[in-house]
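Written below as structure tokens is the structure these notes are about.
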Amino acid sequence: MMEWDSNSEGSGDEQGFLLNDGGPSPFSVDSFLQMTPCGFVVTDALEPDHPIIYCNTVFEMVTGYRAEEVLGRNCRFLQCRGPFAKRRHPLVDSAVVAEMRRCLENGIEFQGELLNFRKDGSLLMNRLRLTPIYGDDETITHVIAIQFFSETNIDLGPPPGFPGKESARSSDQVRPRFSLLQPIQAAGRNICRGLCGLLQLSDEVLLLKILSRLTPRDIAAVGAVCRRLYELTKNEDLWRMVCQNAWGSETTSVLETVPGAKRLGWGQMARELTTLEAAAWRKLTVGGVVEPSRCNFSACAVGNRVVLFGGEGVNMQPMNDTFVLDLNSSNPEWQHVKVSSPPPGRWGHTLSCVNGSNLVVFGGCGRQGLLNDVFVLDLDAKQPTWREISGLAPPLPRSWHSSCTLDGTKLIVSGGCADSGVLLSDTFQLDLSMEKPVWREIPVAWTPPSRLGHTLSVYGGRKILMFGGLAKSGPLRFRSSDVYTMDLSEKEACWRCVTGSGMPGAGNPGGVAPPPRLDHVAVSLPGGRILIFGGSVAGLHPASQLYLLDPTEEKPTWRSLNVPGRPPRIAWGHSTCVVGGTRAIVLGGQTGEDWMLSELHELSLASLIN
């Protein structure tokens, strides 16, 4: 299927899309709508065996089957070699077929690659995505299939019943180069308008019931099917619904408050936050001061505000003050917030945001040693006051752990360093929505090696991803670049190893992985991707390099991002948070013995603030 590509240039309405295997398409919309090799099929899920009710011209051209030959049939005929074959060809992967059937039966999305056959018996590789569409009563009414076809190098010879010369001649007719695809005319019939059950639906139904359920990349592909869908996918209200479904209502609500968002528009914002084509570093100078100077503090974002708490001052002095930087202000400056009942001073702690404007501090190292206490502050209260949460059965006191929040109410804490330098591998959850919160250790059959200085990120709603840190390996400790994930929506949650030698379920994401590191930062981007930056890196590797991983992909792939602008000169000892969903603010940095907080660095993810 057609996809956005992060190397694209230009953002005009009629140019700048990329095909998976090619460069930019600097041609008009008319040509583009005719040339995309994206098959688009819709089936009726309310009828037995999912009969096809619509297929686009690309599907007809690439497969050689005309619409009137496939309407009313199940799409499995593409698994048979030729129109007369009755059984699935043995080369078709039965495991993929079984998984596709399971997804359809359970009403969940399917993505995978499947061997298909043209009408003339020649082979095709079909990268397929099936998306169920739900009606008002939550019943699946349709299934949309988006297909990206590519050639294979397997030569099976002519199929039974096809003379060799005739087969070759037929193949030449239905298998033009994708870059030369032209629309099919059939006795004056306009295929995009005739016999199309999908396009007989009203614009309102198409927008609200079907298109709004797709991902940003899929909307970009659907817009290339025909002129009517192209016009519908220019609708800003549609793009807002698509972004909200893909990124969550909290993220889209924050994005609406970002200066310049309305000017940029949801469609262009979705493109830029998906491809990161507009990402750039810039140096940001703000007013005010954070005094006294410090390191090992924690920071997080509350809407478009950056909040800083605590840290390690001169002579390892633990700090307990709170500062706020409002980036929506015309002249942002650090403000010292006067709060009541501040927690004991600490460093090596975590600071998180829950339920809109509430800050949560956990653990760290104070005057009397390690801590395991929890404090909450409502930043928008008339008189902000820190309030201690006496959670029952707390985890061991610790520092240099990692934490994140789920559902706006739950604090997740993982690993860290306990007394006597012992590394931890546990994971705890605290539900702050309860009247009397209780700590609960998440039971798992296997845990990643004990570690400190790692990161914990949330993606896909209730999934968490652990990366890096200083990990234990036998009696030794090494910097790590391993990736682990856990789905907390499962009844029996378990850690899965995405990459890591000798670990259960170990694999290796494609691309070049980041060098092993600790004390880095991980930024969760809209759509579930994780951005890794900085840290203490062994060897001569530049710590300022950016790495991107999408754990939602079937085969997660690391990408190294080359972002223009001025990155931080020193990439260790930082604290980073995402503000407004579009800006990663990097605080800290060391110059000699001073830690400078008046000069920040900003990674802009969209052009609305450049």
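For the structure tokens, the naming scheme is as follows: chains receive sequential letters (A, B, ...) according to their order of presentation, residues are indexed from 1 within each chain, and ligands are indexed from 1 in presentation order.
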
Contacts of Ile133 (chain A) within 9 Å, only C-alpha atoms, excl. fewer than 6 positions in-chain, as an MDAnalysis selection string: chainID A and resid 45 107 139:144 209:210 213

Could the residues in this selection be saved with C-alpha atoms as a short mmCIF file (atom, residue, chain, number, x, y, z; two decimals), in the first residue's frame?
```
data_model
loop_
_atom_site.label_atom_id
_atom_site.label_comp_id
_atom_site.auth_asym_id
_atom_site.auth_seq_id
_atom_site.Cartn_x
_atom_site.Cartn_y
_atom_site.Cartn_z
CA ALA A 45 -19.28 -9.07 7.20
CA GLY A 107 -13.01 -9.02 15.16
CA THR A 139 -21.53 -5.50 15.29
CA ILE A 140 -18.91 -5.86 12.56
CA THR A 141 -20.59 -4.75 9.33
CA HIS A 142 -17.68 -4.64 6.87
CA VAL A 143 -14.04 -5.59 6.57
CA ILE A 144 -11.66 -3.34 4.63
CA LYS A 209 -18.47 4.72 10.38
CA ILE A 210 -15.58 3.65 8.19
CA ARG A 213 -11.69 3.98 12.29
#
```

Kindly indicate which residue among A:Trp495, A:Tyr459, A:Phe148, A:Tyr54 lies nearest to Arg73 (chain A), using only C-alpha atoms for the distances. A:Tyr54

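Using only C-alpha atoms, the nearest neighbour of Ile53 (chain A) within the list A:Gly288, A:Pro216, A:Gly72, A:Gly39 is A:Gly72.
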
Fewer than 5 positions away in the same chain doesn't count, so skip those; otherwise give me all residues within 10 Å of region 443-450 of chain A, counting only C-alpha atoms, as a ChimeraX atom specification. /A:414-417,422-428,466,469-474,477,482-486,492-497,500,503-504

Nearby residues (only C-alpha atoms) at most 12 Å from Val258 (chain A), same-chain spacing under 4 positions excluded, as a ChimeraX atom specification: /A:251-254,262-265,269,303-305,326-329,579-583,606-609

Once DSSP has gone over the backbone, tell me which residues of region 366-473 of chain A are in strand (DSSP E or B), as a PyMOL selection string. chain A and resi 366+369-378+385-389+392+398-399+402-406+410-417+423-431+438-441+451-452+455-459+463-467+470-473
